[in-house]
$ cat work.txt   # compact mmCIF, C-alpha atoms (C1' of nucleotides)
# COMPACT_ATOMS: atom_id res chain seq x y z
CA MET R 165 -20.23 -20.88 -12.22
CA ARG R 166 -20.81 -17.17 -11.70
CA ILE R 167 -18.50 -14.79 -9.91
CA GLY R 168 -20.19 -15.11 -6.53
CA GLU R 169 -19.63 -18.81 -6.37
CA LEU R 170 -16.04 -18.54 -7.55
CA ALA R 171 -15.49 -15.99 -4.82
CA SER R 172 -16.89 -18.14 -2.06
CA ARG R 173 -15.09 -21.22 -3.36
CA THR R 174 -11.72 -19.55 -3.46
CA GLY R 175 -12.16 -17.18 -0.56
CA VAL R 176 -11.20 -14.29 -2.80
CA SER R 177 -13.49 -11.28 -2.91
CA ILE R 178 -15.59 -10.50 -5.96
CA ARG R 179 -13.79 -7.20 -6.18
CA SER R 180 -10.46 -8.94 -6.41
CA LEU R 181 -11.64 -11.39 -9.05
CA ARG R 182 -12.72 -8.49 -11.25
CA TYR R 183 -9.40 -6.83 -10.58
CA TYR R 184 -7.53 -9.97 -11.65
CA GLU R 185 -9.43 -9.94 -14.91
CA GLU R 186 -8.66 -6.27 -15.40
CA GLN R 187 -4.97 -7.06 -14.91
CA GLY R 188 -5.08 -9.89 -17.41
CA LEU R 189 -4.57 -12.64 -14.86
CA LEU R 190 -7.93 -14.30 -15.17
CA ALA R 191 -10.30 -14.79 -18.09
CA SER R 192 -14.04 -15.19 -18.05
CA THR R 193 -16.67 -15.91 -20.64
CA ARG R 194 -19.60 -13.54 -20.62
CA SER R 195 -23.26 -14.44 -20.92
CA THR R 196 -25.33 -12.36 -23.33
CA SER R 197 -26.34 -10.15 -20.46
CA GLY R 198 -22.71 -9.56 -19.58
CA GLN R 199 -22.36 -11.78 -16.56
CA ARG R 200 -19.04 -13.53 -16.04
CA HIS R 201 -18.93 -17.30 -16.09
CA TYR R 202 -16.08 -19.53 -14.99
CA THR R 203 -15.09 -23.16 -15.20
CA ASP R 204 -13.62 -25.20 -12.37
CA ASP R 205 -10.18 -24.64 -13.84
CA GLU R 206 -10.46 -20.96 -13.07
CA ALA R 207 -10.78 -21.77 -9.40
CA GLU R 208 -7.42 -23.49 -9.49
CA ARG R 209 -5.95 -20.58 -11.35
CA VAL R 210 -7.23 -18.18 -8.73
CA ALA R 211 -5.60 -20.30 -6.04
CA PHE R 212 -2.34 -20.21 -7.93
CA ILE R 213 -2.54 -16.46 -8.37
CA GLN R 214 -3.07 -16.15 -4.64
CA ARG R 215 0.05 -18.23 -4.06
CA LEU R 216 2.08 -15.93 -6.23
CA TYR R 217 0.72 -12.86 -4.50
CA ALA R 218 1.66 -14.42 -1.19
CA ALA R 219 5.12 -14.99 -2.60
CA GLY R 220 5.42 -11.26 -3.08
CA LEU R 221 4.87 -11.02 -6.82
CA SER R 222 2.95 -8.06 -8.19
CA SER R 223 0.06 -8.48 -10.59
CA ARG R 224 2.31 -7.14 -13.32
CA THR R 225 4.93 -9.79 -12.66
CA ILE R 226 2.34 -12.53 -12.43
CA ALA R 227 0.96 -11.45 -15.78
CA GLU R 228 4.44 -11.67 -17.24
CA LEU R 229 4.92 -15.29 -16.35
CA LEU R 230 1.43 -16.61 -16.91
CA PRO R 231 2.09 -17.42 -20.58
CA CYS R 232 4.44 -20.02 -19.20
CA VAL R 233 1.55 -21.59 -17.33
CA ASP R 234 -1.01 -21.36 -20.09
CA SER R 235 0.95 -22.80 -22.98
CA PRO R 236 4.24 -24.30 -21.91
CA SER R 237 5.34 -24.91 -25.44
CA ALA R 238 4.78 -21.46 -26.84
CA GLU R 239 7.84 -19.63 -28.05
CA ASN R 240 6.64 -16.46 -26.42
CA SER R 241 7.07 -18.15 -23.09
CA ASP R 242 10.80 -17.71 -23.54
CA ALA R 243 10.92 -14.47 -21.64
CA ALA R 244 8.29 -15.76 -19.26
CA LEU R 245 10.37 -18.80 -18.44
CA GLU R 246 13.38 -16.68 -17.71
CA ARG R 247 11.27 -14.36 -15.59
CA MET R 248 9.94 -17.33 -13.72
CA ALA R 249 13.42 -18.66 -13.03
CA GLN R 250 14.35 -15.24 -11.75
CA GLU R 251 11.34 -15.02 -9.46
CA ARG R 252 11.99 -18.56 -8.32
CA ASP R 253 15.46 -17.58 -7.19
CA ARG R 254 14.23 -14.44 -5.53
CA LEU R 255 11.66 -16.49 -3.69
CA SER R 256 14.28 -19.01 -2.64
CA ALA R 257 16.46 -16.27 -1.21
CA HIS R 258 13.47 -14.80 0.53
CA ILE R 259 12.64 -18.14 2.11
CA ALA R 260 16.19 -18.45 3.40
CA ASP R 261 15.89 -14.99 4.87
CA LEU R 262 12.62 -15.84 6.57
CA VAL R 263 14.10 -18.99 8.02
CA ARG R 264 16.90 -16.94 9.53
CA THR R 265 14.32 -14.57 10.96
CA ARG R 266 12.40 -17.46 12.44
CA ASP R 267 15.62 -18.72 14.01
CA ALA R 268 16.20 -15.27 15.46
CA LEU R 269 12.72 -15.29 16.96
CA ASP R 270 13.31 -18.74 18.39
CA GLY R 271 16.52 -17.52 19.94
CA LEU R 272 14.81 -14.51 21.45
CA MET R 273 12.04 -16.62 22.89
CA ALA R 274 14.53 -19.03 24.39
CA THR R 275 16.39 -16.15 25.99
CA ASN R 276 13.19 -14.76 27.41
CA ARG R 277 12.14 -18.10 28.83
CA ALA R 278 15.58 -18.55 30.37
CA HIS R 279 15.32 -15.19 32.12
CA ARG R 280 11.91 -16.19 33.29
CA GLU R 281 13.31 -19.34 34.85
CA GLN R 282 16.00 -17.35 36.59
CA LEU R 283 13.33 -15.18 38.10
CA ARG R 284 11.31 -18.13 39.23
CA VAL R 285 14.11 -19.95 41.09
CA PRO R 286 14.65 -17.26 43.76
CA LEU R 287 10.92 -17.14 44.32
CA ALA R 288 10.83 -20.92 44.70
CA GLY R 289 13.90 -21.12 46.91
CA MET V 122 26.57 8.69 14.51
CA ARG V 123 24.00 10.94 12.86
CA ILE V 124 21.04 9.80 10.82
CA GLY V 125 22.78 10.03 7.47
CA GLU V 126 25.46 7.60 8.47
CA LEU V 127 23.00 5.20 10.02
CA ALA V 128 21.05 5.30 6.79
CA SER V 129 24.01 4.53 4.58
CA ARG V 130 25.26 1.85 6.96
CA THR V 131 21.96 0.01 7.08
CA GLY V 132 20.74 0.78 3.59
CA VAL V 133 17.51 2.15 5.03
CA SER V 134 16.37 5.58 3.92
CA ILE V 135 16.50 8.54 6.28
CA ARG V 136 12.77 8.90 5.81
CA SER V 137 12.22 5.37 7.03
CA LEU V 138 14.47 5.79 10.05
CA ARG V 139 12.43 8.80 11.16
CA TYR V 140 9.29 6.79 10.54
CA TYR V 141 10.58 3.95 12.72
CA GLU V 142 11.16 6.41 15.52
CA GLU V 143 7.70 7.85 15.07
CA GLN V 144 6.29 4.33 15.37
CA GLY V 145 8.26 3.67 18.53
CA LEU V 146 10.55 1.09 16.97
CA LEU V 147 13.78 3.02 17.24
CA ALA V 148 15.10 5.49 19.80
CA SER V 149 17.59 8.30 19.33
CA THR V 150 19.29 10.78 21.58
CA ARG V 151 19.07 14.35 20.44
CA SER V 152 21.83 16.92 20.40
CA THR V 153 20.98 20.35 21.79
CA SER V 154 20.21 21.50 18.29
CA GLY V 155 17.77 18.64 17.87
CA GLN V 156 19.81 16.36 15.65
CA ARG V 157 19.43 12.62 16.17
CA HIS V 158 22.39 10.58 17.32
CA TYR V 159 22.71 6.82 17.34
CA THR V 160 25.05 4.19 18.72
CA ASP V 161 26.27 1.13 16.85
CA ASP V 162 23.62 -0.93 18.58
CA GLU V 163 20.92 0.99 16.78
CA ALA V 164 22.31 -0.21 13.47
CA GLU V 165 21.74 -3.79 14.54
CA ARG V 166 18.28 -2.93 15.71
CA VAL V 167 17.47 -1.39 12.34
CA ALA V 168 18.65 -4.56 10.64
CA PHE V 169 16.41 -6.61 12.90
CA ILE V 170 13.45 -4.36 12.21
CA GLN V 171 14.04 -4.83 8.52
CA ARG V 172 14.00 -8.59 9.02
CA LEU V 173 10.66 -8.39 10.72
CA TYR V 174 9.24 -6.18 8.01
CA ALA V 175 10.44 -8.68 5.45
CA ALA V 176 8.68 -11.36 7.46
CA GLY V 177 5.43 -9.51 6.91
CA LEU V 178 5.01 -7.89 10.31
CA SER V 179 3.54 -4.41 10.49
CA SER V 180 5.20 -1.64 12.44
CA ARG V 181 2.42 -1.96 15.00
CA THR V 182 3.13 -5.65 15.52
CA ILE V 183 6.86 -5.08 15.69
CA ALA V 184 6.30 -2.45 18.36
CA GLU V 185 4.27 -4.95 20.31
CA LEU V 186 7.01 -7.51 20.55
CA LEU V 187 10.00 -5.23 20.96
CA PRO V 188 9.74 -5.15 24.78
CA CYS V 189 10.68 -8.79 24.56
CA VAL V 190 13.87 -7.82 22.78
CA ASP V 191 14.76 -4.86 24.96
CA SER V 192 14.36 -6.37 28.40
CA PRO V 193 13.84 -10.11 28.28
CA SER V 194 13.22 -10.33 32.00
CA ALA V 195 10.54 -7.69 32.27
CA GLU V 196 7.14 -8.87 33.34
CA ASN V 197 5.51 -6.68 30.75
CA SER V 198 7.11 -8.83 28.09
CA ASP V 199 4.56 -11.48 28.96
CA ALA V 200 2.14 -10.38 26.29
CA ALA V 201 5.04 -9.61 23.98
CA LEU V 202 6.38 -13.12 24.34
CA GLU V 203 3.03 -14.61 23.52
CA ARG V 204 2.70 -12.28 20.55
CA MET V 205 6.13 -13.33 19.39
CA ALA V 206 5.26 -17.00 19.62
CA GLN V 207 2.16 -16.29 17.60
CA GLU V 208 4.07 -14.40 14.92
CA ARG V 209 6.69 -17.11 14.89
CA ASP V 210 4.04 -19.69 14.06
CA ARG V 211 2.50 -17.48 11.44
CA LEU V 212 5.90 -17.05 9.89
CA SER V 213 6.51 -20.76 9.97
CA ALA V 214 3.26 -21.44 8.17
CA HIS V 215 4.10 -18.74 5.65
CA ILE V 216 7.48 -20.30 4.98
CA ALA V 217 5.84 -23.65 4.35
CA ASP V 218 3.47 -21.96 1.93
CA LEU V 219 6.30 -20.28 0.09
CA VAL V 220 8.15 -23.56 -0.18
CA ARG V 221 5.09 -25.10 -1.80
CA THR V 222 4.93 -22.18 -4.17
CA ARG V 223 8.58 -22.60 -5.05
CA ASP V 224 7.94 -26.27 -5.71
CA ALA V 225 5.06 -25.32 -7.96
CA LEU V 226 7.32 -22.96 -9.90
CA ASP V 227 9.95 -25.67 -10.20
CA GLY V 228 7.32 -28.02 -11.54
CA LEU V 229 6.15 -25.48 -14.08
CA MET V 230 9.66 -24.77 -15.24
CA ALA V 231 10.37 -28.46 -15.62
CA THR V 232 7.21 -28.88 -17.68
CA ASN V 233 8.19 -25.97 -19.88
CA ARG V 234 11.69 -27.29 -20.44
CA ALA V 235 10.28 -30.70 -21.29
CA HIS V 236 8.00 -29.21 -23.93
CA ARG V 237 10.96 -27.31 -25.25
CA GLU V 238 12.91 -30.53 -25.65
CA GLN V 239 10.03 -32.14 -27.47
CA LEU V 240 10.06 -29.25 -29.89
CA ARG V 241 13.75 -29.47 -30.44
CA VAL V 242 13.87 -33.15 -31.31
CA PRO V 243 11.81 -32.91 -34.52
CA LEU V 244 13.95 -30.00 -35.63
CA ALA V 245 17.08 -31.96 -34.91
CA GLY V 246 15.77 -35.16 -36.50
C1' DC C 1361 -45.71 -10.31 -11.85
C1' DT C 1362 -42.96 -9.05 -8.02
C1' DA C 1363 -39.38 -9.03 -4.50
C1' DG C 1364 -34.97 -9.94 -3.41
C1' DA C 1365 -30.54 -11.72 -4.38
C1' DA C 1366 -26.78 -11.25 -7.40
C1' DG C 1367 -24.16 -8.91 -11.34
C1' DC C 1368 -22.43 -4.89 -13.90
C1' DT C 1369 -19.62 -0.45 -14.32
C1' DC C 1370 -17.54 3.62 -12.54
C1' DA C 1371 -15.27 5.95 -9.29
C1' DC C 1372 -13.65 7.32 -5.00
C1' DA C 1373 -11.56 5.68 -0.36
C1' DT C 1374 -8.09 3.18 2.45
C1' DG C 1375 -3.82 1.62 4.62
C1' DG C 1376 1.15 1.31 5.19
C1' DA C 1377 5.73 2.23 4.12
C1' DT C 1378 8.18 5.32 1.63
C1' DG C 1379 9.26 9.36 -1.68
C1' DT C 1380 9.53 14.15 -2.15
C1' DC C 1381 9.26 19.05 -1.56
C1' DA C 1382 9.21 23.40 1.05
C1' DG C 1383 11.16 26.34 4.34
C1' DG C 1384 14.39 26.82 7.89
C1' DG C 1385 18.47 25.82 11.27
C1' DG C 1386 23.39 23.98 12.37
C1' DC C 1387 28.14 23.59 11.55
C1' DA C 1388 32.78 23.04 9.23
C1' DA C 1389 36.06 24.88 5.73
C1' DG C 1390 37.43 28.42 2.83
C1' DC B 147 30.89 35.95 6.44
C1' DT B 148 29.68 32.75 2.98
C1' DT B 149 29.21 28.37 0.73
C1' DG B 150 27.91 23.69 1.02
C1' DC B 151 26.26 19.85 3.28
C1' DC B 152 23.57 17.67 6.66
C1' DC B 153 19.63 17.87 9.63
C1' DC B 154 14.87 19.37 11.26
C1' DT B 155 9.50 19.35 10.84
C1' DG B 156 5.30 19.14 8.30
C1' DA B 157 2.65 17.93 4.69
C1' DC B 158 1.33 16.17 0.49
C1' DA B 159 2.24 12.33 -3.16
C1' DT B 160 2.69 7.45 -4.57
C1' DC B 161 1.89 2.47 -5.27
C1' DC B 162 -1.18 -1.55 -5.14
C1' DA B 163 -4.56 -4.58 -3.74
C1' DT B 164 -8.83 -4.18 -1.91
C1' DG B 165 -13.10 -1.97 0.21
C1' DT B 166 -17.20 0.52 -0.63
C1' DG B 167 -21.12 2.94 -2.50
C1' DA B 168 -24.19 4.57 -6.20
C1' DG B 169 -27.12 3.60 -9.85
C1' DC B 170 -28.70 0.24 -12.92
C1' DT B 171 -29.72 -4.56 -14.98
C1' DT B 172 -30.52 -9.55 -14.60
C1' DC B 173 -31.79 -13.75 -12.67
C1' DT B 174 -34.61 -16.68 -9.61
C1' DA B 175 -38.15 -18.11 -6.33
C1' DG B 176 -42.67 -17.53 -4.80
$ encode --input "work.txt" --output "structure tokens"
Amino acid sequence: MRIGELASRTGVSIRSLRYYEEQGLLASTRSTSGQRHYTDDEAERVAFIQRLYAAGLSSRTIAELLPCVDSPSAENSDAALERMAQERDRLSAHIADLVRTRDALDGLMATNRAHREQLRVPLAG
Amino acid sequence: MRIGELASRTGVSIRSLRYYEEQGLLASTRSTSGQRHYTDDEAERVAFIQRLYAAGLSSRTIAELLPCVDSPSAENSDAALERMAQERDRLSAHIADLVRTRDALDGLMATNRAHREQLRVPLAG
DNA sequence: CTAGAAGCTCACATGGATGTCAGGGGCAAG
DNA sequence: CTTGCCCCTGACATCCATGTGAGCTTCTAG
């Protein structure tokens, strides 16, 4: 498929897809006229890249651990594997932090609703 | 306390503290000479703001739901409470997404380690 | 063949939180 | 009074993913 279709399939802008290629995150084969062509696999890869972005990784970091994805058995994935473990732990800590934040929000909302009730009772009584 | 101490206590840069004030997230009393002074409560507030930033909220959004924190019983927190519920749900969805990403990383790492084992056996044998 | 949709490259713009620098004031200790 | 440290405002700089526009080429449908 060409870049337009990949974009609409993945929901990622054409601009971003070109940027991913520029950053070494995504490969494309070129037609003789220079147009990019992709296989279905690339769509999955784009989705995965999006996941990692959402997890707070930079394109540089993603590039560092992609060897691990592409060829799990390669020796050069040594550093990548370690990097991935590191990012995995960072992500895990981040998740824990977000859960605490969600709890805090829940607590605040409960407090607010309680105050609201207190206001309503005198009006009802 | 003055801004320097608040900064070192919270680990947030002086620049950022002034920015928070500019965005209406943080208040300060000023000495006659114009220097900012804070109470211990402000330190907690800064920590909370940091939490929300980490949860992906923008300063604008944080400002929108702070009334809910400051005066839970105020009527004007109506919109804020709704906004907070909305952000809470967004956060919850985001957490779920991050957990899936972490699982994906775990899967990748397991695959890599498995390949590594396969490589080691022939060498050992 | 022609018109329009889609691709290409290059390059500049944007937004948001933060860094950094310049130029100046406030205040405590020597 | 001076030295040193902290604070003030204002403004410009930075990073990074993405938007956007110009100018040009390529593909596709009629």
$ interface_residues --input "work.txt" --of "chain B" --to "chain R" --cutoff "10 Å" --atoms "only C-alpha atoms (C1' of nucleotides)" --output "ChimeraX atom specification"
/B:162-165,171-172
$ residues_near_point --input "work.txt" --point "(8.0, 15.2, 6.0)" --cutoff "12 Å" --atoms "only C-alpha atoms (C1' of nucleotides)" --output "list of chain:residue names"
V:Ile135, V:Arg136, V:Ser137, V:Arg139, V:Tyr140, V:Glu143, C:DT1378, C:DG1379, C:DT1380, C:DC1381, C:DA1382, C:DG1383, B:DC154, B:DT155, B:DG156, B:DA157, B:DC158, B:DA159
$ interface_residues --input "work.txt" --of "chain V" --to "chain R" --cutoff "10 Å" --atoms "all atoms listed in the file" --output "count of residues only"
51
$ atom_distance --input "work.txt" --atom1 "CA of Arg151 (chain V)" --atom2 "CA of Asp191 (chain V)"
20.2 Å
$ residues_around --input "work.txt" --residues "Val133 (chain V)" --least-positions-apart "4" --cutoff "9 Å" --atoms "only C-alpha atoms (C1' of nucleotides)" --output "mmCIF file with C-alpha atoms, in the coordinates of the input"
data_model
loop_
_atom_site.group_PDB
_atom_site.id
_atom_site.type_symbol
_atom_site.label_atom_id
_atom_site.label_comp_id
_atom_site.auth_asym_id
_atom_site.auth_seq_id
_atom_site.Cartn_x
_atom_site.Cartn_y
_atom_site.Cartn_z
ATOM 1 C CA LEU V 127 23.000 5.200 10.020
ATOM 2 C CA ALA V 128 21.050 5.300 6.790
ATOM 3 C CA SER V 129 24.010 4.530 4.580
ATOM 4 C CA SER V 137 12.220 5.370 7.030
ATOM 5 C CA LEU V 138 14.470 5.790 10.050
ATOM 6 C CA VAL V 167 17.470 -1.390 12.340
ATOM 7 C CA ALA V 168 18.650 -4.560 10.640
ATOM 8 C CA GLN V 171 14.040 -4.830 8.520
#
$ interface_residues --input "work.txt" --of "chain C" --to "chain R" --cutoff "9 Å" --atoms "all atoms listed in the file" --output "compact mmCIF listing (two decimals) with C-alpha atoms (C1' of nucleotides), in the frame of the given file"
# COMPACT_ATOMS: atom_id res chain seq x y z
C1' DA C 1366 -26.78 -11.25 -7.40
C1' DG C 1367 -24.16 -8.91 -11.34
C1' DC C 1368 -22.43 -4.89 -13.90
$ atom_distance --input "work.txt" --atom1 "C1' of DC1387 (chain C)" --atom2 "CA of Glu126 (chain V)"
16.5 Å
$ axis_aligned_box --input "work.txt" --around "region 256-273 of chain R" --padding-each-side "3 Å" --output "JSON"
{"center_x": 14.5, "center_y": -16.8, "center_z": 10.1, "size_x": 10.9, "size_y": 10.5, "size_z": 31.5}
$ atom_distance --input "work.txt" --atom1 "C1' of DC161 (chain B)" --atom2 "CA of Gly145 (chain V)"
24.7 Å
$ residues_around --input "work.txt" --residues "DT166 (chain B)" --least-positions-apart "3" --cutoff "10 Å" --atoms "only C-alpha atoms (C1' of nucleotides)" --output "number ranges by chain"
C: 1372-1374
$ closest_residue --input "work.txt" --among "R:Leu221, R:Leu190, R:Ala227, R:Met165" --to "Thr203 (chain R)" --atoms "only C-alpha atoms"
R:Met165
$ residues_around --input "work.txt" --residues "DA1389 (chain C)" --least-positions-apart "4" --cutoff "12 Å" --atoms "all atoms listed in the file" --output "JSON, numbers by chain"
{"B": [148, 149, 150, 151]}
